[in-house]
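Containing compact mmCIF, C-alpha atoms: input09.txt.
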# COMPACT_ATOMS: atom_id res chain seq x y z
CA MET A 1 9.28 14.21 18.17
CA VAL A 2 11.96 11.80 16.89
CA ASP A 3 10.29 8.87 18.60
CA GLY A 4 6.94 9.80 17.11
CA ILE A 5 8.30 9.73 13.57
CA PHE A 6 9.74 6.23 14.04
CA PHE A 7 6.59 4.97 15.80
CA VAL A 8 4.33 6.18 12.99
CA ALA A 9 6.59 4.66 10.35
CA ALA A 10 6.72 1.32 12.18
CA LEU A 11 2.95 1.31 12.62
CA GLY A 12 2.42 1.97 8.93
CA ILE A 13 4.71 -0.92 8.01
CA ALA A 14 2.90 -3.21 10.46
CA VAL A 15 -0.48 -2.31 8.95
CA LEU A 16 0.88 -3.05 5.48
CA GLY A 17 2.15 -6.40 6.74
CA LEU A 18 -1.26 -7.34 8.15
CA TYR A 19 -2.92 -6.27 4.92
CA LYS A 20 -0.56 -8.41 2.86
CA TYR A 21 -1.00 -11.34 5.26
CA GLN A 22 -4.74 -11.26 4.65
CA ALA A 23 -4.06 -11.21 0.92
CA LEU A 24 -1.68 -14.17 1.35
CA ARG A 25 -4.34 -16.24 3.12
CA HIS A 26 -6.84 -15.79 0.29
CA ALA A 27 -4.39 -15.91 -2.63
CA PRO A 28 -4.24 -18.94 -4.96
CA ALA A 29 -1.30 -21.29 -4.53
CA ASP A 30 0.59 -19.95 -7.53
CA ARG A 31 0.46 -16.38 -6.17
CA LYS A 32 1.60 -17.13 -2.61
CA PRO A 33 5.37 -17.20 -3.38
CA ALA A 34 5.13 -13.62 -4.69
CA ILE A 35 3.17 -12.32 -1.68
CA ARG A 36 5.01 -14.17 1.08
CA PRO A 37 8.25 -12.11 0.75
CA VAL A 38 6.22 -8.91 1.18
CA CYS A 39 4.94 -10.16 4.53
CA VAL A 40 8.44 -11.23 5.54
CA SER A 41 9.88 -7.84 4.53
CA CYS A 42 7.34 -6.11 6.78
CA LEU A 43 8.31 -8.43 9.65
CA PHE A 44 11.89 -7.22 9.26
CA ALA A 45 11.21 -3.57 8.43
CA ALA A 46 8.85 -2.76 11.32
CA PRO A 47 11.25 -3.75 14.14
CA ALA A 48 14.19 -2.22 12.26
CA VAL A 49 12.44 1.15 12.28
CA LEU A 50 11.19 0.65 15.83
CA MET A 51 14.70 -0.07 17.13
CA ALA A 52 15.83 3.29 15.75
CA ALA A 53 13.45 5.12 18.10
CA PRO A 54 15.47 6.30 21.14
CA ALA A 55 12.63 5.47 23.53
CA VAL A 56 12.74 1.84 22.41
CA GLY A 57 16.44 1.38 21.70
CA VAL A 58 17.87 3.07 24.80
CA ASN A 59 15.46 1.27 27.15
CA LEU A 60 16.15 -2.08 25.50
CA ASP A 61 19.87 -1.54 25.99
CA ARG A 62 19.29 -0.56 29.62
CA VAL A 63 17.14 -3.63 30.33
CA THR A 64 19.57 -6.07 28.67
CA GLY A 65 22.67 -4.36 30.02
CA VAL A 66 24.32 -4.51 26.58
CA HIS A 67 25.37 -1.14 25.21
CA SER A 68 23.93 -0.42 21.73
CA LEU A 69 22.35 -3.86 21.41
CA SER A 70 19.34 -2.17 19.76
CA ILE A 71 21.68 -0.86 17.05
CA LEU A 72 22.87 -4.38 16.28
CA LEU A 73 19.31 -5.71 16.19
CA GLY A 74 18.25 -2.81 13.98
CA PHE A 75 21.11 -3.56 11.58
CA CYS A 76 20.16 -7.25 11.37
CA PHE A 77 16.47 -6.52 10.83
CA ALA A 78 17.36 -3.95 8.15
CA LEU A 79 19.50 -6.50 6.31
CA GLY A 80 16.65 -8.98 6.53
CA PHE A 81 14.34 -6.36 5.00
CA VAL A 82 16.74 -5.70 2.12
CA CYS A 83 17.10 -9.41 1.45
CA SER A 84 13.35 -10.12 1.55
CA VAL A 85 12.47 -7.21 -0.73
CA GLN A 86 14.99 -8.35 -3.30
CA THR A 87 13.59 -11.88 -3.02
CA MET A 88 10.09 -10.55 -3.60
CA LEU A 89 11.13 -8.76 -6.76
CA VAL A 90 13.08 -11.75 -8.01
CA TYR A 91 9.94 -13.86 -7.67
CA TRP A 92 7.98 -11.25 -9.57
CA LEU A 93 10.51 -11.08 -12.39
CA HIS A 94 11.30 -14.78 -12.83
CA PRO A 95 9.51 -18.15 -12.74
CA PRO A 96 9.41 -19.78 -9.27
CA ALA A 97 12.20 -22.29 -10.03
CA ALA A 98 14.63 -19.63 -11.28
CA ALA A 99 13.58 -17.23 -8.53
CA TRP A 100 14.32 -19.83 -5.87
CA ARG A 101 17.86 -20.36 -7.18
CA THR A 102 18.55 -16.60 -7.05
CA SER A 103 16.83 -16.05 -3.72
CA ARG A 104 18.92 -18.81 -2.08
CA TRP A 105 22.07 -16.85 -2.88
CA LEU A 106 20.49 -13.69 -1.53
CA VAL A 107 19.55 -15.37 1.74
CA LEU A 108 23.00 -16.94 2.07
CA THR A 109 24.77 -13.64 1.37
CA TYR A 110 22.77 -11.52 3.81
CA THR A 111 22.82 -14.21 6.48
CA SER A 112 26.61 -14.26 6.21
CA VAL A 113 26.77 -10.46 6.46
CA ALA A 114 24.48 -10.45 9.48
CA ALA A 115 26.54 -13.17 11.17
CA THR A 116 29.75 -11.25 10.50
CA ILE A 117 28.52 -7.99 11.98
CA ILE A 118 27.24 -9.84 15.05
CA VAL A 119 30.69 -11.30 15.63
CA LEU A 120 32.38 -7.93 15.05
CA PHE A 121 29.88 -6.24 17.39
CA PHE A 122 30.76 -8.44 20.35
CA LEU A 123 34.48 -8.36 19.57
CA GLY A 124 34.49 -4.57 19.65
CA ASP A 125 34.78 -2.48 22.78
CA ARG A 126 31.65 -0.44 23.55
CA PRO A 127 32.29 1.31 26.86
CA ALA A 128 29.22 3.58 26.73
CA GLU A 129 25.72 3.83 25.30
CA HIS A 130 25.65 5.54 21.89
CA HIS A 131 22.23 4.91 20.47
CA LEU A 132 21.87 8.15 18.52
CA ASP A 133 25.51 8.47 17.39
CA PHE A 134 26.77 4.89 17.18
CA ALA A 135 28.36 5.37 13.74
CA ALA A 136 30.01 8.64 14.73
CA ALA A 137 31.30 7.30 18.06
CA TYR A 138 32.80 4.07 16.72
CA ALA A 139 33.78 5.00 13.17
CA ARG A 140 37.47 4.42 14.01
CA ALA A 141 37.12 1.77 16.71
CA PRO A 142 38.66 -1.68 16.18
CA TYR A 143 36.17 -4.26 14.90
CA LEU A 144 33.32 -1.75 15.02
CA ALA A 145 34.67 0.36 12.14
CA PRO A 146 34.70 -2.59 9.71
CA LEU A 147 31.28 -3.57 11.07
CA LEU A 148 29.92 -0.18 10.07
CA VAL A 149 31.53 -0.28 6.63
CA LEU A 150 30.27 -3.80 5.97
CA TYR A 151 26.75 -2.97 7.10
CA PHE A 152 26.35 0.34 5.28
CA LEU A 153 27.96 -0.99 2.11
CA SER A 154 25.82 -4.13 1.94
CA TYR A 155 22.71 -2.15 2.88
CA ALA A 156 23.29 0.58 0.28
CA VAL A 157 24.08 -1.92 -2.49
CA GLY A 158 21.02 -4.00 -1.58
CA VAL A 159 18.51 -1.16 -1.55
CA ALA A 160 20.02 0.27 -4.73
CA ASN A 161 19.39 -3.10 -6.33
CA VAL A 162 15.79 -2.92 -5.07
CA VAL A 163 15.39 0.40 -6.89
CA ARG A 164 16.79 -1.16 -10.06
CA LEU A 165 14.51 -4.22 -9.84
CA CYS A 166 11.41 -2.12 -9.12
CA TRP A 167 12.07 0.11 -12.09
CA GLN A 168 12.85 -2.86 -14.31
CA TRP A 169 9.65 -4.66 -13.30
CA SER A 170 7.58 -1.51 -13.87
CA HIS A 171 8.64 -1.61 -17.53
CA HIS A 172 8.25 -5.36 -17.92
CA PRO A 173 5.81 -6.55 -20.63
CA GLU A 174 3.83 -8.50 -18.01
CA THR A 175 2.89 -5.25 -16.24
CA ALA A 176 1.96 -3.40 -19.43
CA ASP A 177 -1.78 -3.81 -18.78
CA ARG A 178 -1.53 -3.34 -15.00
CA LEU A 179 -1.28 0.43 -14.69
CA TRP A 180 -1.60 0.63 -10.91
CA LEU A 181 1.02 -2.07 -10.35
CA ARG A 182 3.44 -0.09 -12.55
CA ARG A 183 2.71 3.04 -10.56
CA GLY A 184 3.20 1.18 -7.30
CA LEU A 185 6.57 -0.16 -8.40
CA ARG A 186 7.73 3.30 -9.41
CA LEU A 187 6.54 4.79 -6.11
CA THR A 188 8.39 2.05 -4.27
CA ALA A 189 11.52 2.75 -6.29
CA VAL A 190 11.36 6.45 -5.39
CA GLY A 191 10.69 5.64 -1.73
CA ILE A 192 13.65 3.24 -1.56
CA LEU A 193 15.94 6.01 -2.82
CA PHE A 194 15.80 7.52 0.68
CA PRO A 195 17.29 4.39 2.32
CA VAL A 196 19.90 4.38 -0.45
CA ALA A 197 20.82 7.93 0.55
CA TYR A 198 20.91 6.84 4.21
CA GLY A 199 23.37 4.04 3.47
CA VAL A 200 25.61 6.12 1.19
CA ILE A 201 25.74 9.15 3.50
CA SER A 202 26.51 6.99 6.53
CA LEU A 203 29.23 5.12 4.66
CA VAL A 204 30.82 8.38 3.48
CA ALA A 205 30.69 9.75 7.04
CA VAL A 206 32.43 6.67 8.47
CA ILE A 207 35.17 6.53 5.85
CA GLY A 208 35.55 10.32 5.86
CA SER A 209 36.27 10.26 9.60
CA TRP A 210 39.33 8.07 8.90
CA PHE A 211 40.82 10.99 7.02
CA GLY A 212 39.95 13.62 9.60
CA ALA A 213 36.67 14.85 8.11
CA GLU A 214 34.14 16.10 10.66
CA LEU A 215 31.01 14.35 9.39
CA ASP A 216 29.47 13.17 12.64
CA SER A 217 26.18 14.98 11.98
CA TRP A 218 25.87 13.16 8.66
CA SER A 219 25.65 9.74 10.27
CA SER A 220 23.88 10.72 13.51
CA GLU A 221 21.32 13.27 12.26
CA ILE A 222 20.97 13.58 8.48
CA ALA A 223 21.14 9.91 7.48
CA PRO A 224 18.64 8.58 10.10
CA ALA A 225 16.16 11.31 9.18
CA LEU A 226 16.39 10.37 5.52
CA SER A 227 15.91 6.69 6.24
CA VAL A 228 12.25 7.08 7.28
CA LEU A 229 11.19 9.70 4.74
CA GLY A 230 10.59 7.10 2.07
CA VAL A 231 8.43 4.83 4.26
CA PRO A 232 5.09 6.39 3.20
CA LEU A 233 5.99 6.01 -0.47
CA VAL A 234 7.01 2.38 0.03
CA ILE A 235 3.78 1.59 1.91
CA VAL A 236 1.65 3.20 -0.78
CA GLY A 237 3.69 1.60 -3.54
CA ASN A 238 3.28 -1.88 -2.08
CA SER A 239 -0.49 -1.60 -1.67
CA ILE A 240 -1.70 0.74 -4.42
CA ALA A 241 -2.14 -2.08 -6.94
CA ALA A 242 -5.04 -3.35 -4.80
CA TRP A 243 -6.87 -0.12 -3.97
CA GLY A 244 -5.57 2.19 -6.68
CA PRO A 245 -8.15 1.18 -9.33
CA GLY A 246 -10.86 2.39 -6.96
CA LEU A 247 -9.43 5.91 -7.21
CA SER A 248 -10.45 6.01 -10.86
CA SER A 249 -14.07 5.28 -10.00
CA VAL A 250 -13.98 7.82 -7.17
CA TRP A 251 -12.60 10.43 -9.55
CA GLY A 252 -15.33 9.53 -12.02
CA ARG A 253 -18.00 10.03 -9.35
CA VAL A 254 -16.46 13.37 -8.36
CA THR A 255 -16.41 14.44 -12.01
CA HIS A 256 -20.04 13.41 -12.48
CA LEU A 257 -20.99 15.23 -9.29
CA GLY A 258 -19.36 18.41 -10.58
CA ALA A 259 -21.18 18.12 -13.92
CA ASP A 260 -24.50 17.44 -12.15
CA LEU A 261 -24.06 20.48 -9.92
CA ARG A 262 -23.11 22.68 -12.88
CA ASP A 263 -26.15 21.60 -14.92
CA TYR A 264 -28.48 21.83 -11.91
CA ARG A 265 -27.44 25.43 -11.36
CA ALA A 266 -27.66 26.20 -15.07
CA LEU A 267 -31.30 25.04 -15.12
CA THR A 268 -32.30 27.00 -12.01
CA ASP A 269 -33.37 30.29 -13.65
CA LEU A 270 -35.30 28.53 -16.39
CA TRP A 271 -37.00 26.26 -13.84
CA ARG A 272 -38.03 29.24 -11.72
CA ALA A 273 -39.40 31.09 -14.74
CA LEU A 274 -41.46 28.08 -15.81
CA ARG A 275 -42.69 27.08 -12.36
CA SER A 276 -45.54 29.60 -12.59
CA VAL A 277 -46.99 27.63 -15.52
CA GLU A 278 -48.23 24.93 -13.16
CA PRO A 279 -46.64 24.83 -9.68
CA GLU A 280 -48.49 21.59 -8.83
CA MET A 281 -46.22 19.71 -11.23
CA VAL A 282 -43.18 20.22 -8.99
CA HIS A 283 -42.10 16.79 -7.75
CA THR A 284 -42.45 16.21 -4.00
CA PRO A 285 -39.50 14.20 -2.61
CA GLY A 286 -40.66 10.88 -1.26
CA SER A 287 -37.56 9.99 0.76
CA LEU A 288 -34.36 11.44 2.17
CA VAL A 289 -32.42 10.04 -0.79
CA ASP A 290 -34.89 11.67 -3.16
CA ARG A 291 -34.49 14.95 -1.30
CA PHE A 292 -30.72 15.07 -0.92
CA SER A 293 -29.43 13.18 -3.96
CA LEU A 294 -28.23 15.72 -6.51
CA ARG A 295 -28.65 13.19 -9.33
CA ARG A 296 -32.34 12.62 -8.41
CA ARG A 297 -33.04 16.33 -8.02
CA LEU A 298 -31.49 16.96 -11.43
CA PHE A 299 -33.59 14.17 -12.92
CA TRP A 300 -36.82 15.70 -11.66
CA ARG A 301 -35.76 19.19 -12.69
CA VAL A 302 -35.35 17.97 -16.28
CA ILE A 303 -38.74 16.22 -16.13
CA GLU A 304 -40.53 19.27 -14.71
CA ILE A 305 -39.03 21.67 -17.25
CA ASN A 306 -40.00 19.34 -20.08
CA ASP A 307 -43.58 19.15 -18.79
CA TRP A 308 -43.86 22.91 -18.58
CA LEU A 309 -42.44 23.25 -22.08
CA HIS A 310 -45.23 20.98 -23.32
CA GLN A 311 -47.72 23.23 -21.58
CA LEU A 312 -46.36 26.23 -23.46
CA SER A 313 -46.10 24.53 -26.86
CA SER A 314 -47.66 26.72 -29.54
CA GLN A 315 -47.35 27.78 -33.17
CA ARG A 316 -43.93 29.10 -34.08
CA ASP A 317 -43.67 32.79 -34.93
CA ALA A 318 -41.58 33.37 -38.05
CA ASN A 319 -40.53 36.81 -36.82
CA LEU A 320 -39.16 35.37 -33.60
CA THR A 321 -37.28 32.67 -35.47
CA ALA A 322 -35.76 35.20 -37.86
CA ALA A 323 -34.75 37.53 -35.05
CA ALA A 324 -33.17 34.67 -33.07
CA ARG A 325 -31.22 33.47 -36.09
CA GLN A 326 -29.98 36.98 -36.78
CA GLN A 327 -28.71 37.33 -33.21
CA ALA A 328 -27.11 33.90 -33.40
CA HIS A 329 -25.40 34.80 -36.67
CA GLN A 330 -24.02 38.00 -35.19
CA ALA A 331 -22.77 36.11 -32.13
CA ASP A 332 -21.22 33.39 -34.36
CA LEU A 333 -23.15 30.55 -32.71
CA ASP A 334 -23.16 27.03 -34.11
CA ASP A 335 -26.29 25.17 -35.24
CA VAL A 336 -26.97 23.58 -31.85
CA GLN A 337 -26.61 26.87 -29.99
CA THR A 338 -28.77 28.59 -32.61
CA ALA A 339 -31.55 26.03 -32.10
CA ALA A 340 -31.33 26.54 -28.33
CA LEU A 341 -31.56 30.32 -28.76
CA GLU A 342 -34.62 29.96 -31.02
CA GLU A 343 -36.30 27.80 -28.38
CA ALA A 344 -35.40 30.25 -25.62
CA VAL A 345 -36.78 33.21 -27.59
CA HIS A 346 -40.10 31.45 -28.29
CA LEU A 347 -40.26 30.34 -24.66
CA LYS A 348 -39.59 33.81 -23.29
CA THR A 349 -42.23 35.31 -25.58
CA ALA A 350 -44.78 32.69 -24.54
CA LEU A 351 -44.15 33.43 -20.87
CA LEU A 352 -44.53 37.18 -21.47
CA ALA A 353 -47.78 36.60 -23.32
CA ARG A 354 -49.03 34.30 -20.58
CA THR A 355 -48.24 36.89 -17.94
CA ALA A 356 -49.95 39.63 -19.92
CA GLY A 357 -53.02 37.51 -20.70
CA GLY A 358 -53.23 35.74 -17.39
CA SER A 359 -54.17 32.50 -19.12
CA ARG A 360 -53.60 29.04 -17.73
CA ALA A 361 -53.43 25.91 -19.80
CA ASP A 362 -55.65 23.11 -18.57
CA ARG A 363 -53.73 19.96 -19.30
CA PRO A 364 -53.83 16.76 -17.27
CA HIS A 365 -50.85 15.92 -15.09
CA GLN A 366 -48.27 13.65 -16.64
CA THR A 367 -46.91 10.85 -14.49
CA HIS A 368 -43.37 9.55 -14.64
CA THR A 369 -41.71 6.46 -13.28
CA ASP A 370 -38.90 7.03 -10.81
CA GLY A 371 -36.08 6.09 -13.16
CA THR A 372 -33.77 8.61 -11.58
CA ASP A 373 -30.69 6.46 -12.06
CA ASP A 374 -30.96 7.21 -15.78
CA ALA A 375 -30.58 10.96 -15.29
CA GLY A 376 -27.11 10.96 -16.79
CA HIS A 377 -27.72 8.20 -19.33
CA ALA A 378 -31.14 7.86 -20.97
CA PHE A 379 -31.86 11.54 -20.32
CA ALA A 380 -28.36 12.75 -21.17
CA GLY A 381 -29.35 14.15 -24.56
CA GLU A 382 -32.44 15.91 -23.22
CA ARG A 383 -30.45 17.22 -20.29
CA ARG A 384 -27.83 18.76 -22.59
CA ARG A 385 -30.54 20.31 -24.76
CA LEU A 386 -32.30 21.91 -21.79
CA VAL A 387 -29.03 23.23 -20.37
CA LEU A 388 -28.32 24.97 -23.68
CA ILE A 389 -31.85 26.40 -23.72
CA ALA A 390 -31.48 27.56 -20.10
CA ARG A 391 -28.24 29.36 -20.89
CA ALA A 392 -29.76 30.97 -23.96
CA PHE A 393 -32.82 31.93 -21.88
CA THR A 394 -30.67 33.98 -19.50
CA SER A 395 -28.48 35.34 -22.28
CA PRO A 396 -28.88 38.96 -23.42
CA LEU A 397 -29.16 37.59 -26.96
CA SER A 398 -32.63 36.21 -26.23
CA ASP A 399 -33.83 39.60 -24.90
CA GLU A 400 -32.40 41.35 -27.95
CA ALA A 401 -34.10 38.84 -30.27
CA VAL A 402 -37.47 39.29 -28.53
CA LEU A 403 -37.12 43.07 -28.73
CA ALA A 404 -36.12 42.94 -32.41
CA ALA A 405 -39.09 40.70 -33.23
CA SER A 406 -41.45 43.00 -31.33
CA GLN A 407 -40.17 46.03 -33.23
CA THR A 408 -40.62 44.18 -36.52
CA VAL A 409 -44.22 43.33 -35.69
CA GLN A 410 -44.96 46.91 -34.63
CA SER A 411 -43.47 48.32 -37.82
CA MET A 412 -45.52 45.89 -39.88
CA ARG A 413 -48.67 46.92 -38.08
CA ALA A 414 -47.83 50.61 -38.59
CA GLN A 415 -47.57 50.21 -42.35
CA PRO A 416 -50.80 51.23 -44.19
CA HIS A 417 -52.70 48.34 -45.77
CA PRO A 418 -53.46 48.71 -49.51
Could you write out this file's structure as structure tokens?
Amino acid sequence: MVDGIFFVAALGIAVLGLYKYQALRHAPADRKPAIRPVCVSCLFAAPAVLMAAPAVGVNLDRVTGVHSLSILLGFCFALGFVCSVQTMLVYWLHPPAAAWRTSRWLVLTYTSVAATIIVLFFLGDRPAEHHLDFAAAYARAPYLAPLLVLYFLSYAVGVANVVRLCWQWSHHPETADRLWLRRGLRLTAVGILFPVAYGVISLVAVIGSWFGAELDSWSSEIAPALSVLGVPLVIVGNSIAAWGPGLSSVWGRVTHLGADLRDYRALTDLWRALRSVEPEMVHTPGSLVDRFSLRRRLFWRVIEINDWLHQLSSQRDANLTAAARQQAHQADLDDVQTAALEEAVHLKTALLARTAGGSRADRPHQTHTDGTDDAGHAFAGERRRLVLIARAFTSPLSDEAVLAASQTVQSMRAQPHP
């Protein structure tokens, strides 16, 4: 289980490195210095995480015959990662000339730290293999204790500086119009907080053991587990600027799909009621796209309903209009909803009359071009109008208005003529 976590984290970092390498190859010359440190940081981070896996570290130590050599290599790769990430952010924050001056000091400092811990490692006595509890086992050992303090201190300070630089760059004026880059920097900052916690907890455990505190589990269990928890956030943060903008378009398509499905369902009852006017006018899908595309089906549903409404067009009945407006007034509808209710009441009455009379309008078929891509654009206004009519058509208000108009007509007919 432990090995699997480290393997997955290392694989994710390697994939990010390959992705950034491809970006480096195609980047213009002025952008390469900002991308190159990302690739280098992945080259350091992936083996650093991999060395922490017991299946890799223990077997490497067994093959080389050097106890805990994988720990030393992991420490050196981790310091290289911290240095390269800081270099990357320095290049992002400053012009290349100024960034190079700062990055030289970073490289010199971390190279010196790495060289020092290598010397201390081989000066120290390591009589047994302690891959999983190296810090706990040698927290008070000569040479190895200062090695641990130097490593964890420089590591924690370095990654804390990475958090600071990421957060600073996310608020920089140059990133003001690059929303996804700002988000990526903040995600990276949050992800790097886990390595900060790893370094601080391990350092506290080592120093605490000098004073008799029993903190072995802090450095051997808690801290290593925390170190990999932020890897997914760092991977996403370092790549989201490239693919993040696509999420907006995906969300837009999902939103449009939801609206299309809602309107398609809203028109269903009205479409079924009108289909009897002339069933031959129902569009026959000509392809699989035409059959399964919700946007195309919605387009043709709007067209078919409109054609059937033209078939039923007739003189407006003042009684129906008055009854519909009265119902709308009682229901506190706005002008648009009132107009839709009036249309629904006239439509429902026409369908009832047609059913009672058994008549059929003889109108020629209307042909339409397959401009289905305009269903949500050129036809947007008509689509909204028909959806309102469809909802009014199935509303009890339309039935009450038809009944009220019918009662008015009957009472008028029952009155004696002078």
task: Identify, on the basis of all atoms listed in the file, every residue whose closest approach to Ser395 in chain A does not exceed 12 Å; exclude the query and any residue fewer than 6 positions from it along the same chain; express the result as a PyMOL selection string.
output: chain A and resi 266+269-270+324+327-328+331+337+340-342+344-345+348+388-389+401-402
message: Please compute the CA of Gly4 in chain A-CA of Cys76 in chain A distance, one decimal, in Å.
response: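 Those two atoms sit 22.3 Å apart.
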field: Point-to-point distance from CA of His67 in chain A to CA of Glu129 in chain A, Å rounded to tenths
entry: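 Result for CA of His67 in chain A versus CA of Glu129 in chain A: 5.0 Å, one decimal.
Using only C-alpha atoms, the contacts of Trp210 in chain A at a cut-off of 8 Å, with sequence neighbours closer than 4 positions omitted, comprise Ala139, Arg140 and Val206 of chain A.
Distances from A:Ser154, A:Ala273, A:Thr284, A:Thr321 to Leu309 in chain A were compared using only C-alpha atoms, and the smallest one belongs to A:Ala273.
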message: Set the distance at 12 Å and use all atoms listed in the file: which residues neighbour Thr175 in chain A once local chain neighbours fewer than 4 positions away are removed? I'd like the list as a ChimeraX atom specification.
response: /A:92-93,166-171,179-186,241
- prompt: What lies within 6 Å of range 222-235 of chain A using all atoms listed in the file, ignoring chain neighbours under 4 positions off, as a PyMOL selection string?
  reply: chain A and resi 187-188+191+194-195+198+218
Atom-to-atom span, CA of Trp300 in chain A and CA of Val277 in chain A, Å: 16.1 Å
Around all listed atoms of range 60-64 of chain A, padded 5 Å per side, what centre and edge lengths does the axis-aligned box have in Å to one decimal, as JSON?
{"center_x": 18.0, "center_y": -3.3, "center_z": 27.9, "size_x": 13.7, "size_y": 15.5, "size_z": 14.8}
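Near (-38.6, 40.9, -32.2), the residues that fall inside 9 Å on the basis of only C-alpha atoms are Asn319, Leu320, Thr321, Ala322, Ala323, Ala324, Asp399, Glu400, Ala401, Val402, Leu403, Ala404, Ala405, Ser406, Gln407, Thr408 and Val409 of chain A.
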message: Would you pick out the contacts of Ile13 in chain A at 12 Å or less, using only C-alpha atoms, so that residues sharing its chain but fewer than 6 positions from it are not included, and give the list as JSON, numbers by chain?
response: {"A": [6, 7, 19, 20, 38, 39, 40, 41, 42, 43, 44, 45, 46, 47, 48, 49, 50, 81, 228, 230, 231, 232, 233, 234, 235, 236, 237, 238, 239]}
field: Closest of A:Ala353, A:Ile35, A:Leu147, A:Leu79 to Val107 in chain A - atom-to-atom distances counting all atoms listed in the file
entry: A:Leu79
Among listed residues A:Gln326, A:Asn306, A:Thr255, A:Ser103, nearest Ala390 in chain A (using only C-alpha atoms): A:Asn306
query: Around (-46.1, 19.8, -7.0) in the file's own coordinates, what residues are found within 12 Å if you use only C-alpha atoms, given back as a PyMOL selection string?
result: chain A and resi 275-286+300-301+304+365-367
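In this comparison, which uses only C-alpha atoms, the residue of A:Thr109, A:Asn161, A:Ser220, A:Gln86 approaching Leu132 in chain A most closely is A:Ser220.
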